[in-house]
There are 2 protein chains.
Amino acid sequence: MTTLPASSKTCVMCDLPVFQRGSKDYRWIADLAVSTAILASREQFYRGYTLLVLNQHATELFQLEPNIREQFMEDANRLAQALDKTFKPLKMNYCLLGNVLPHLHWHLIPRRETDPDPKWPVWGFPFPETQVSEDEFRQMAKDIRANL
Amino acid sequence: MTTLPASSKTCVMCDLPVFQRGSKDYRWIADLAVSTAILASREQFYRGYTLLVLNQHATELFQLEPNIREQFMEDANRLAQALDKTFKPLKMNYCLLGNVLPHLHWHLIPRRETDPDPKWPVWGFPFPETQVSEDEFRQMAKDIRANL
């Protein structure tokens, strides 16, 4: 466990129930070895956009014990493969950023030929918020889980 | 080794000497376990922006043999730590995209408070091409190498 950045007293990803193991949130997909998979709330314009949040607080990969890092990487790989099976995208994108929330989490994004710009990362322009109902979220999470 | 996408007869990252093991290019940083580290050519507005190219052709992490994938992930971790030591950024960003060149390669990007928008991924807006001489590239690569 590493120290939180001086700029924050608490960490949103440590504190919010949705990011925690055993979450009952409708966006919850699965508890993996050392991380928790949930569907992103506001990014479903890219259908299947998933976050994989590490179950302990750290901001950089190299702060982790090697065995935890290895499991975190394998969790991401396993989830990416499940997303690939579920959505059959053109390409998967895998990003660890943490510029806003410096708690290690993967952005796993299925990319499609129908994207506004399939060649560019999704952050090139603002994309519309897509309304997804709780039932749709639950079904999508169930479909992904079935492919894990 | 996986099949190349139908859209390309050859793969730029497989073919260009700069992306190959033992490259003598002035942007070459190091040969790691299963990948080759080079400084990005046109992205040095984000000083230290580095690419880590897998030494075999594959487009998705889950196509790799587990031991190769583990080594590729550890190569990225080791290089990110060296970049952190060299540039002391606010945060490292780690991305596997491949939307343009579908050959597995990490984008490892040191992020700083002085970035135009430190909270957003670097692809949010066009950034100026920054002139870096061959000597500067060589020195930067040497500094990173010393921290590996």
# chains A, B, ... in the order shown; residues from 1 in each chain; ligands from 1

call {"tool": "interface_residues", "arguments": {"of": "chain A", "to": "chain B", "cutoff": "10 Å", "atoms": "only C-alpha atoms", "output": "JSON, numbers by chain"}}
result
{"A": [59, 60, 61, 62, 63, 66, 69, 70, 71, 73, 74, 76, 77, 78, 79, 80, 81, 82, 84, 90, 91, 92, 93, 94, 95, 96, 97, 98, 99, 100, 101, 102, 106, 107, 108, 109, 111, 112, 117, 118, 119, 120, 121, 122, 123, 124, 125, 126]}

call {"tool": "write_last_selection", "arguments": {"atoms": "N, CA and C atoms", "output": "compact mmCIF listing (two decimals), in the first residue's frame"}}
result
# COMPACT_ATOMS: atom_id res chain seq x y z
N THR A 59 -0.43 3.99 -7.26
CA THR A 59 -0.60 4.92 -8.39
C THR A 59 0.22 4.50 -9.61
N GLU A 60 1.28 3.72 -9.43
CA GLU A 60 2.11 3.30 -10.56
C GLU A 60 2.34 1.79 -10.48
N LEU A 61 2.48 1.17 -11.64
CA LEU A 61 2.71 -0.29 -11.69
C LEU A 61 3.93 -0.70 -10.88
N PHE A 62 4.98 0.13 -10.94
CA PHE A 62 6.24 -0.27 -10.33
C PHE A 62 6.24 -0.12 -8.80
N GLN A 63 5.12 0.36 -8.25
CA GLN A 63 5.00 0.38 -6.79
C GLN A 63 4.46 -0.94 -6.25
N PRO A 66 5.82 -7.64 -7.26
CA PRO A 66 5.78 -8.31 -8.57
C PRO A 66 4.63 -9.30 -8.74
N ARG A 69 1.45 -7.31 -9.33
CA ARG A 69 1.49 -6.69 -10.66
C ARG A 69 1.18 -7.74 -11.73
N GLU A 70 1.80 -8.90 -11.61
CA GLU A 70 1.57 -9.96 -12.59
C GLU A 70 0.09 -10.35 -12.63
N GLN A 71 -0.52 -10.47 -11.46
CA GLN A 71 -1.95 -10.84 -11.42
C GLN A 71 -2.83 -9.72 -12.00
N MET A 73 -1.99 -7.61 -14.32
CA MET A 73 -1.83 -7.66 -15.77
C MET A 73 -2.62 -8.83 -16.36
N GLU A 74 -2.59 -9.96 -15.69
CA GLU A 74 -3.33 -11.12 -16.20
C GLU A 74 -4.85 -10.91 -16.06
N ALA A 76 -6.27 -8.03 -16.48
CA ALA A 76 -6.58 -7.16 -17.63
C ALA A 76 -6.64 -7.97 -18.92
N ASN A 77 -5.71 -8.87 -19.07
CA ASN A 77 -5.66 -9.70 -20.26
C ASN A 77 -6.92 -10.58 -20.37
N ARG A 78 -7.29 -11.18 -19.25
CA ARG A 78 -8.46 -12.07 -19.22
C ARG A 78 -9.74 -11.28 -19.55
N LEU A 79 -9.84 -10.11 -18.96
CA LEU A 79 -11.03 -9.29 -19.20
C LEU A 79 -11.06 -8.78 -20.64
N ALA A 80 -9.92 -8.38 -21.16
CA ALA A 80 -9.85 -7.92 -22.56
C ALA A 80 -10.29 -9.03 -23.51
N GLN A 81 -9.87 -10.24 -23.21
CA GLN A 81 -10.27 -11.37 -24.06
C GLN A 81 -11.79 -11.60 -23.99
N ALA A 82 -12.35 -11.45 -22.79
CA ALA A 82 -13.80 -11.60 -22.63
C ALA A 82 -14.54 -10.49 -23.39
N ASP A 84 -13.39 -8.97 -26.03
CA ASP A 84 -13.21 -9.31 -27.45
C ASP A 84 -14.23 -10.36 -27.90
N LEU A 90 -12.94 -4.46 -33.65
CA LEU A 90 -11.82 -4.42 -34.59
C LEU A 90 -10.50 -4.56 -33.82
N LYS A 91 -10.46 -3.93 -32.65
CA LYS A 91 -9.22 -3.86 -31.86
C LYS A 91 -9.60 -3.55 -30.43
N MET A 92 -8.83 -4.07 -29.48
CA MET A 92 -8.97 -3.64 -28.09
C MET A 92 -7.94 -2.54 -27.81
N ASN A 93 -8.34 -1.54 -27.01
CA ASN A 93 -7.40 -0.55 -26.49
C ASN A 93 -7.28 -0.76 -24.97
N TYR A 94 -6.05 -0.67 -24.48
CA TYR A 94 -5.76 -0.94 -23.05
C TYR A 94 -4.97 0.25 -22.51
N CYS A 95 -5.51 0.97 -21.55
CA CYS A 95 -4.79 2.15 -21.03
C CYS A 95 -4.84 2.23 -19.51
N LEU A 96 -3.68 2.53 -18.96
CA LEU A 96 -3.56 2.90 -17.55
C LEU A 96 -3.17 4.37 -17.54
N LEU A 97 -4.06 5.23 -17.05
CA LEU A 97 -3.79 6.67 -17.09
C LEU A 97 -3.67 7.20 -15.65
N GLY A 98 -4.81 7.42 -15.01
CA GLY A 98 -4.77 7.85 -13.60
C GLY A 98 -4.46 9.32 -13.43
N ASN A 99 -4.67 10.12 -14.49
CA ASN A 99 -4.38 11.55 -14.38
C ASN A 99 -5.39 12.27 -13.49
N VAL A 100 -6.62 11.77 -13.49
CA VAL A 100 -7.68 12.36 -12.65
C VAL A 100 -7.79 11.59 -11.34
N LEU A 101 -7.86 10.28 -11.44
CA LEU A 101 -7.96 9.42 -10.26
C LEU A 101 -6.72 8.53 -10.19
N PRO A 102 -5.71 8.97 -9.42
CA PRO A 102 -4.43 8.25 -9.42
C PRO A 102 -4.47 6.98 -8.55
N TRP A 106 -7.37 0.03 -15.22
CA TRP A 106 -7.31 -0.08 -16.67
C TRP A 106 -8.58 0.49 -17.31
N HIS A 107 -8.40 1.16 -18.43
CA HIS A 107 -9.49 1.46 -19.34
C HIS A 107 -9.38 0.42 -20.45
N LEU A 108 -10.38 -0.44 -20.59
CA LEU A 108 -10.38 -1.47 -21.64
C LEU A 108 -11.52 -1.12 -22.60
N ILE A 109 -11.15 -0.81 -23.83
CA ILE A 109 -12.11 -0.18 -24.75
C ILE A 109 -12.19 -0.95 -26.06
N ARG A 111 -12.83 -1.22 -29.78
CA ARG A 111 -12.86 -0.23 -30.87
C ARG A 111 -13.45 -0.88 -32.13
N ARG A 112 -14.23 -0.08 -32.85
CA ARG A 112 -14.99 -0.59 -34.00
C ARG A 112 -14.78 0.28 -35.23
N ASP A 117 -13.69 8.01 -35.21
CA ASP A 117 -12.33 7.93 -35.77
C ASP A 117 -11.65 6.68 -35.22
N PRO A 118 -11.81 5.55 -35.92
CA PRO A 118 -11.29 4.28 -35.41
C PRO A 118 -9.77 4.24 -35.25
N LYS A 119 -9.08 5.17 -35.94
CA LYS A 119 -7.61 5.17 -35.88
C LYS A 119 -7.07 5.95 -34.69
N TRP A 120 -7.91 6.76 -34.07
CA TRP A 120 -7.44 7.67 -33.03
C TRP A 120 -7.91 7.19 -31.66
N PRO A 121 -7.15 7.44 -30.59
CA PRO A 121 -7.66 7.10 -29.26
C PRO A 121 -9.00 7.80 -29.01
N VAL A 122 -9.81 7.26 -28.13
CA VAL A 122 -11.17 7.78 -27.94
C VAL A 122 -11.22 9.18 -27.35
N TRP A 123 -10.08 9.69 -26.88
CA TRP A 123 -10.09 10.98 -26.20
C TRP A 123 -9.85 12.16 -27.14
N GLY A 124 -9.90 11.93 -28.44
CA GLY A 124 -9.61 12.98 -29.40
C GLY A 124 -10.67 14.06 -29.49
N PHE A 125 -11.87 13.73 -29.06
CA PHE A 125 -12.97 14.71 -29.14
C PHE A 125 -14.05 14.27 -28.15
N PRO A 126 -14.87 15.22 -27.71
CA PRO A 126 -15.92 14.83 -26.77
C PRO A 126 -16.93 13.93 -27.47

call {"tool": "select_by_dssp", "arguments": {"residues": "chain B", "states": "strand (DSSP E or B)", "output": "PDB file with N, CA and C atoms, in the first residue's frame"}}
result
ATOM      1  N   TRP B  28      17.113   4.693 -30.305  1.00  0.00           N
ATOM      2  CA  TRP B  28      17.105   3.406 -29.604  1.00  0.00           C
ATOM      3  C   TRP B  28      17.485   3.595 -28.136  1.00  0.00           C
ATOM      4  N   ILE B  29      16.716   2.983 -27.253  1.00  0.00           N
ATOM      5  CA  ILE B  29      17.024   3.040 -25.815  1.00  0.00           C
ATOM      6  C   ILE B  29      17.632   1.725 -25.341  1.00  0.00           C
ATOM      7  N   ALA B  30      16.907   0.635 -25.559  1.00  0.00           N
ATOM      8  CA  ALA B  30      17.396  -0.643 -25.019  1.00  0.00           C
ATOM      9  C   ALA B  30      16.633  -1.820 -25.607  1.00  0.00           C
ATOM     10  N   ASP B  31      17.294  -2.963 -25.640  1.00  0.00           N
ATOM     11  CA  ASP B  31      16.632  -4.237 -25.910  1.00  0.00           C
ATOM     12  C   ASP B  31      16.255  -4.842 -24.560  1.00  0.00           C
ATOM     13  N   SER B  35      11.125  -7.221 -25.988  1.00  0.00           N
ATOM     14  CA  SER B  35      10.690  -6.010 -26.678  1.00  0.00           C
ATOM     15  C   SER B  35      11.839  -5.008 -26.803  1.00  0.00           C
ATOM     16  N   THR B  36      11.618  -4.003 -27.646  1.00  0.00           N
ATOM     17  CA  THR B  36      12.642  -3.005 -27.954  1.00  0.00           C
ATOM     18  C   THR B  36      12.104  -1.618 -27.614  1.00  0.00           C
ATOM     19  N   ALA B  37      12.885  -0.862 -26.839  1.00  0.00           N
ATOM     20  CA  ALA B  37      12.457   0.476 -26.412  1.00  0.00           C
ATOM     21  C   ALA B  37      13.099   1.543 -27.284  1.00  0.00           C
ATOM     22  N   ILE B  38      12.265   2.428 -27.807  1.00  0.00           N
ATOM     23  CA  ILE B  38      12.774   3.565 -28.596  1.00  0.00           C
ATOM     24  C   ILE B  38      12.006   4.824 -28.201  1.00  0.00           C
ATOM     25  N   LEU B  39      12.672   5.961 -28.364  1.00  0.00           N
ATOM     26  CA  LEU B  39      11.977   7.234 -28.144  1.00  0.00           C
ATOM     27  C   LEU B  39      11.069   7.518 -29.334  1.00  0.00           C
ATOM     28  N   THR B  50       7.924   7.412 -24.985  1.00  0.00           N
ATOM     29  CA  THR B  50       8.666   6.217 -25.405  1.00  0.00           C
ATOM     30  C   THR B  50       7.724   5.147 -25.944  1.00  0.00           C
ATOM     31  N   LEU B  51       8.190   4.424 -26.952  1.00  0.00           N
ATOM     32  CA  LEU B  51       7.467   3.265 -27.478  1.00  0.00           C
ATOM     33  C   LEU B  51       8.223   2.002 -27.090  1.00  0.00           C
ATOM     34  N   LEU B  52       7.487   0.980 -26.720  1.00  0.00           N
ATOM     35  CA  LEU B  52       8.097  -0.309 -26.390  1.00  0.00           C
ATOM     36  C   LEU B  52       7.443  -1.355 -27.290  1.00  0.00           C
ATOM     37  N   VAL B  53       8.205  -1.803 -28.273  1.00  0.00           N
ATOM     38  CA  VAL B  53       7.653  -2.630 -29.352  1.00  0.00           C
ATOM     39  C   VAL B  53       7.983  -4.100 -29.118  1.00  0.00           C
ATOM     40  N   LEU B  54       6.956  -4.938 -29.143  1.00  0.00           N
ATOM     41  CA  LEU B  54       7.156  -6.383 -28.983  1.00  0.00           C
ATOM     42  C   LEU B  54       7.982  -6.920 -30.153  1.00  0.00           C
ATOM     43  N   LYS B  91       2.984  11.761 -13.185  1.00  0.00           N
ATOM     44  CA  LYS B  91       2.290  10.484 -13.372  1.00  0.00           C
ATOM     45  C   LYS B  91       2.819   9.855 -14.652  1.00  0.00           C
ATOM     46  N   MET B  92       2.884   8.537 -14.682  1.00  0.00           N
ATOM     47  CA  MET B  92       3.149   7.847 -15.941  1.00  0.00           C
ATOM     48  C   MET B  92       1.810   7.430 -16.565  1.00  0.00           C
ATOM     49  N   ASN B  93       1.729   7.518 -17.892  1.00  0.00           N
ATOM     50  CA  ASN B  93       0.590   6.952 -18.633  1.00  0.00           C
ATOM     51  C   ASN B  93       1.113   5.775 -19.443  1.00  0.00           C
ATOM     52  N   TYR B  94       0.323   4.684 -19.458  1.00  0.00           N
ATOM     53  CA  TYR B  94       0.720   3.434 -20.133  1.00  0.00           C
ATOM     54  C   TYR B  94      -0.419   3.024 -21.054  1.00  0.00           C
ATOM     55  N   CYS B  95      -0.180   2.986 -22.356  1.00  0.00           N
ATOM     56  CA  CYS B  95      -1.270   2.631 -23.279  1.00  0.00           C
ATOM     57  C   CYS B  95      -0.818   1.654 -24.356  1.00  0.00           C
ATOM     58  N   LEU B  96      -1.664   0.663 -24.577  1.00  0.00           N
ATOM     59  CA  LEU B  96      -1.545  -0.238 -25.730  1.00  0.00           C
ATOM     60  C   LEU B  96      -2.738   0.073 -26.618  1.00  0.00           C
ATOM     61  N   HIS B 105       2.491  -2.596 -29.070  1.00  0.00           N
ATOM     62  CA  HIS B 105       3.522  -1.659 -28.602  1.00  0.00           C
ATOM     63  C   HIS B 105       2.914  -0.752 -27.542  1.00  0.00           C
ATOM     64  N   TRP B 106       3.673  -0.537 -26.494  1.00  0.00           N
ATOM     65  CA  TRP B 106       3.266   0.385 -25.433  1.00  0.00           C
ATOM     66  C   TRP B 106       3.622   1.817 -25.803  1.00  0.00           C
ATOM     67  N   HIS B 107       2.722   2.720 -25.453  1.00  0.00           N
ATOM     68  CA  HIS B 107       3.040   4.153 -25.392  1.00  0.00           C
ATOM     69  C   HIS B 107       3.278   4.454 -23.906  1.00  0.00           C
ATOM     70  N   LEU B 108       4.478   4.832 -23.545  1.00  0.00           N
ATOM     71  CA  LEU B 108       4.795   5.172 -22.149  1.00  0.00           C
ATOM     72  C   LEU B 108       5.103   6.661 -22.099  1.00  0.00           C
ATOM     73  N   ILE B 109       4.260   7.388 -21.387  1.00  0.00           N
ATOM     74  CA  ILE B 109       4.277   8.852 -21.501  1.00  0.00           C
ATOM     75  C   ILE B 109       4.408   9.512 -20.129  1.00  0.00           C
ATOM     76  N   PRO B 110       5.525  10.203 -19.890  1.00  0.00           N
ATOM     77  CA  PRO B 110       5.640  10.952 -18.628  1.00  0.00           C
ATOM     78  C   PRO B 110       4.722  12.181 -18.683  1.00  0.00           C
ATOM     79  N   ARG B 111       3.878  12.335 -17.695  1.00  0.00           N
ATOM     80  CA  ARG B 111       2.955  13.470 -17.638  1.00  0.00           C
ATOM     81  C   ARG B 111       3.390  14.456 -16.554  1.00  0.00           C
TER      82      ARG B 111
END

call {"tool": "atom_distance", "arguments": {"atom1": "atom CA of Val132 of chain B", "atom2": "atom CA of Asp75 of chain B"}}
result
25.5 Å

call {"tool": "select_by_dssp", "arguments": {"residues": "segment 1-128 of chain B", "states": "helix (DSSP H, G or I)", "output": "NGL selection string"}}
result
:B and (12-15 or 17-19 or 61-63 or 66-87 or 122-124)

call {"tool": "residues_around", "arguments": {"residues": "Glu134 of chain A", "least_positions_apart": "2", "cutoff": "8 Å", "atoms": "only C-alpha atoms", "output": "list in words"}}
result
Tyr26, Arg27, Val132, Glu136, Phe137 and Arg138 of chain A

call {"tool": "write_last_selection", "arguments": {"atoms": "C-alpha atoms", "output": "short mmCIF file (atom, residue, chain, number, x, y, z; two decimals), in the first residue's frame"}}
result
data_model
loop_
_atom_site.label_atom_id
_atom_site.label_comp_id
_atom_site.auth_asym_id
_atom_site.auth_seq_id
_atom_site.Cartn_x
_atom_site.Cartn_y
_atom_site.Cartn_z
CA TYR A 26 -25.67 -2.87 -11.75
CA ARG A 27 -22.40 -2.05 -13.57
CA VAL A 132 -27.97 2.91 -20.93
CA GLU A 136 -28.99 -3.02 -20.20
CA PHE A 137 -25.95 -2.56 -17.97
CA ARG A 138 -26.80 -5.75 -16.07
#

call {"tool": "atom_distance", "arguments": {"atom1": "atom CA of Asn55 of chain B", "atom2": "atom CA of Ile68 of chain B"}}
result
10.1 Å

call {"tool": "residues_around", "arguments": {"residues": "Gly48 of chain A", "least_positions_apart": "3", "cutoff": "9 Å", "atoms": "only C-alpha atoms", "output": "PyMOL selection string"}}
result
chain A and resi 39-40+43-45+83+86-87+108-110+140-141+144

call {"tool": "write_last_selection", "arguments": {"atoms": "N, CA and C atoms", "output": "PDB file, in the first residue's frame"}}
result
ATOM      1  N   LEU A  39     -18.430  -1.831 -15.633  1.00  0.00           N
ATOM      2  CA  LEU A  39     -18.663  -1.069 -16.861  1.00  0.00           C
ATOM      3  C   LEU A  39     -18.556   0.422 -16.539  1.00  0.00           C
ATOM      4  N   ALA A  40     -17.912   1.173 -17.419  1.00  0.00           N
ATOM      5  CA  ALA A  40     -17.804   2.617 -17.238  1.00  0.00           C
ATOM      6  C   ALA A  40     -19.198   3.237 -17.335  1.00  0.00           C
ATOM      7  N   GLU A  43     -19.251   6.322 -20.538  1.00  0.00           N
ATOM      8  CA  GLU A  43     -18.478   6.126 -21.776  1.00  0.00           C
ATOM      9  C   GLU A  43     -19.068   5.050 -22.675  1.00  0.00           C
ATOM     10  N   GLN A  44     -20.356   4.730 -22.514  1.00  0.00           N
ATOM     11  CA  GLN A  44     -20.936   3.621 -23.278  1.00  0.00           C
ATOM     12  C   GLN A  44     -21.265   3.984 -24.725  1.00  0.00           C
ATOM     13  N   PHE A  45     -20.925   5.217 -25.145  1.00  0.00           N
ATOM     14  CA  PHE A  45     -20.886   5.511 -26.578  1.00  0.00           C
ATOM     15  C   PHE A  45     -19.964   4.474 -27.235  1.00  0.00           C
ATOM     16  N   LEU A  83     -14.006  -9.280 -23.368  1.00  0.00           N
ATOM     17  CA  LEU A  83     -14.624  -8.174 -24.112  1.00  0.00           C
ATOM     18  C   LEU A  83     -14.527  -8.436 -25.617  1.00  0.00           C
ATOM     19  N   THR A  86     -17.096 -10.983 -26.485  1.00  0.00           N
ATOM     20  CA  THR A  86     -18.462 -10.471 -26.335  1.00  0.00           C
ATOM     21  C   THR A  86     -18.835  -9.510 -27.462  1.00  0.00           C
ATOM     22  N   PHE A  87     -17.926  -8.594 -27.786  1.00  0.00           N
ATOM     23  CA  PHE A  87     -18.278  -7.497 -28.702  1.00  0.00           C
ATOM     24  C   PHE A  87     -17.649  -7.639 -30.086  1.00  0.00           C
ATOM     25  N   LEU A 108     -10.381  -0.443 -20.587  1.00  0.00           N
ATOM     26  CA  LEU A 108     -10.377  -1.466 -21.645  1.00  0.00           C
ATOM     27  C   LEU A 108     -11.517  -1.124 -22.601  1.00  0.00           C
ATOM     28  N   ILE A 109     -11.148  -0.806 -23.833  1.00  0.00           N
ATOM     29  CA  ILE A 109     -12.110  -0.182 -24.749  1.00  0.00           C
ATOM     30  C   ILE A 109     -12.189  -0.947 -26.059  1.00  0.00           C
ATOM     31  N   PRO A 110     -13.346  -1.553 -26.356  1.00  0.00           N
ATOM     32  CA  PRO A 110     -13.510  -2.191 -27.668  1.00  0.00           C
ATOM     33  C   PRO A 110     -13.641  -1.110 -28.744  1.00  0.00           C
ATOM     34  N   MET A 140     -25.325  -6.540 -20.177  1.00  0.00           N
ATOM     35  CA  MET A 140     -23.987  -6.442 -20.776  1.00  0.00           C
ATOM     36  C   MET A 140     -22.950  -7.062 -19.826  1.00  0.00           C
ATOM     37  N   ALA A 141     -23.059  -6.751 -18.550  1.00  0.00           N
ATOM     38  CA  ALA A 141     -22.127  -7.296 -17.547  1.00  0.00           C
ATOM     39  C   ALA A 141     -22.236  -8.837 -17.517  1.00  0.00           C
ATOM     40  N   ILE A 144     -20.529 -10.328 -20.591  1.00  0.00           N
ATOM     41  CA  ILE A 144     -19.060 -10.294 -20.465  1.00  0.00           C
ATOM     42  C   ILE A 144     -18.610 -11.385 -19.486  1.00  0.00           C
TER      43      ILE A 144
END

call {"tool": "closest_residue", "arguments": {"among": "A:Glu65, A:Lys24, A:His57, A:Lys85", "to": "Asn147 of chain A", "atoms": "only C-alpha atoms"}}
result
A:Lys85

call {"tool": "decode", "arguments": {"residues": "segment 40-70 of chain B", "atoms": "C-alpha atoms", "output": "PDB file, in the first residue's frame"}}
result
ATOM      1  CA  ALA B  40       8.942   8.362 -30.145  1.00  0.00           C
ATOM      2  CA  SER B  41       9.949  10.540 -33.073  1.00  0.00           C
ATOM      3  CA  ARG B  42       7.206  13.154 -33.275  1.00  0.00           C
ATOM      4  CA  GLU B  43       5.815  13.207 -29.736  1.00  0.00           C
ATOM      5  CA  GLN B  44       8.683  14.807 -27.782  1.00  0.00           C
ATOM      6  CA  PHE B  45       6.455  17.760 -26.867  1.00  0.00           C
ATOM      7  CA  TYR B  46       5.836  15.228 -24.056  1.00  0.00           C
ATOM      8  CA  ARG B  47       9.539  14.854 -23.326  1.00  0.00           C
ATOM      9  CA  GLY B  48      10.503  11.209 -22.848  1.00  0.00           C
ATOM     10  CA  TYR B  49       7.512   9.791 -24.782  1.00  0.00           C
ATOM     11  CA  THR B  50       8.666   6.217 -25.405  1.00  0.00           C
ATOM     12  CA  LEU B  51       7.467   3.265 -27.478  1.00  0.00           C
ATOM     13  CA  LEU B  52       8.097  -0.309 -26.390  1.00  0.00           C
ATOM     14  CA  VAL B  53       7.653  -2.630 -29.352  1.00  0.00           C
ATOM     15  CA  LEU B  54       7.156  -6.383 -28.983  1.00  0.00           C
ATOM     16  CA  ASN B  55       9.785  -8.363 -30.903  1.00  0.00           C
ATOM     17  CA  GLN B  56       7.203 -10.666 -32.486  1.00  0.00           C
ATOM     18  CA  HIS B  57       4.046  -9.849 -34.401  1.00  0.00           C
ATOM     19  CA  ALA B  58       0.774  -9.965 -32.470  1.00  0.00           C
ATOM     20  CA  THR B  59      -2.117  -7.549 -32.252  1.00  0.00           C
ATOM     21  CA  GLU B  60      -3.718  -8.394 -28.890  1.00  0.00           C
ATOM     22  CA  LEU B  61      -2.253  -9.354 -25.506  1.00  0.00           C
ATOM     23  CA  PHE B  62      -4.377 -12.499 -25.330  1.00  0.00           C
ATOM     24  CA  GLN B  63      -2.797 -13.864 -28.508  1.00  0.00           C
ATOM     25  CA  LEU B  64       0.539 -14.204 -26.712  1.00  0.00           C
ATOM     26  CA  GLU B  65       1.913 -17.201 -24.899  1.00  0.00           C
ATOM     27  CA  PRO B  66       1.512 -16.450 -21.163  1.00  0.00           C
ATOM     28  CA  ASN B  67       5.264 -16.347 -20.523  1.00  0.00           C
ATOM     29  CA  ILE B  68       5.826 -13.895 -23.389  1.00  0.00           C
ATOM     30  CA  ARG B  69       2.948 -11.725 -22.205  1.00  0.00           C
ATOM     31  CA  GLU B  70       4.339 -11.694 -18.664  1.00  0.00           C
TER      32      GLU B  70
END
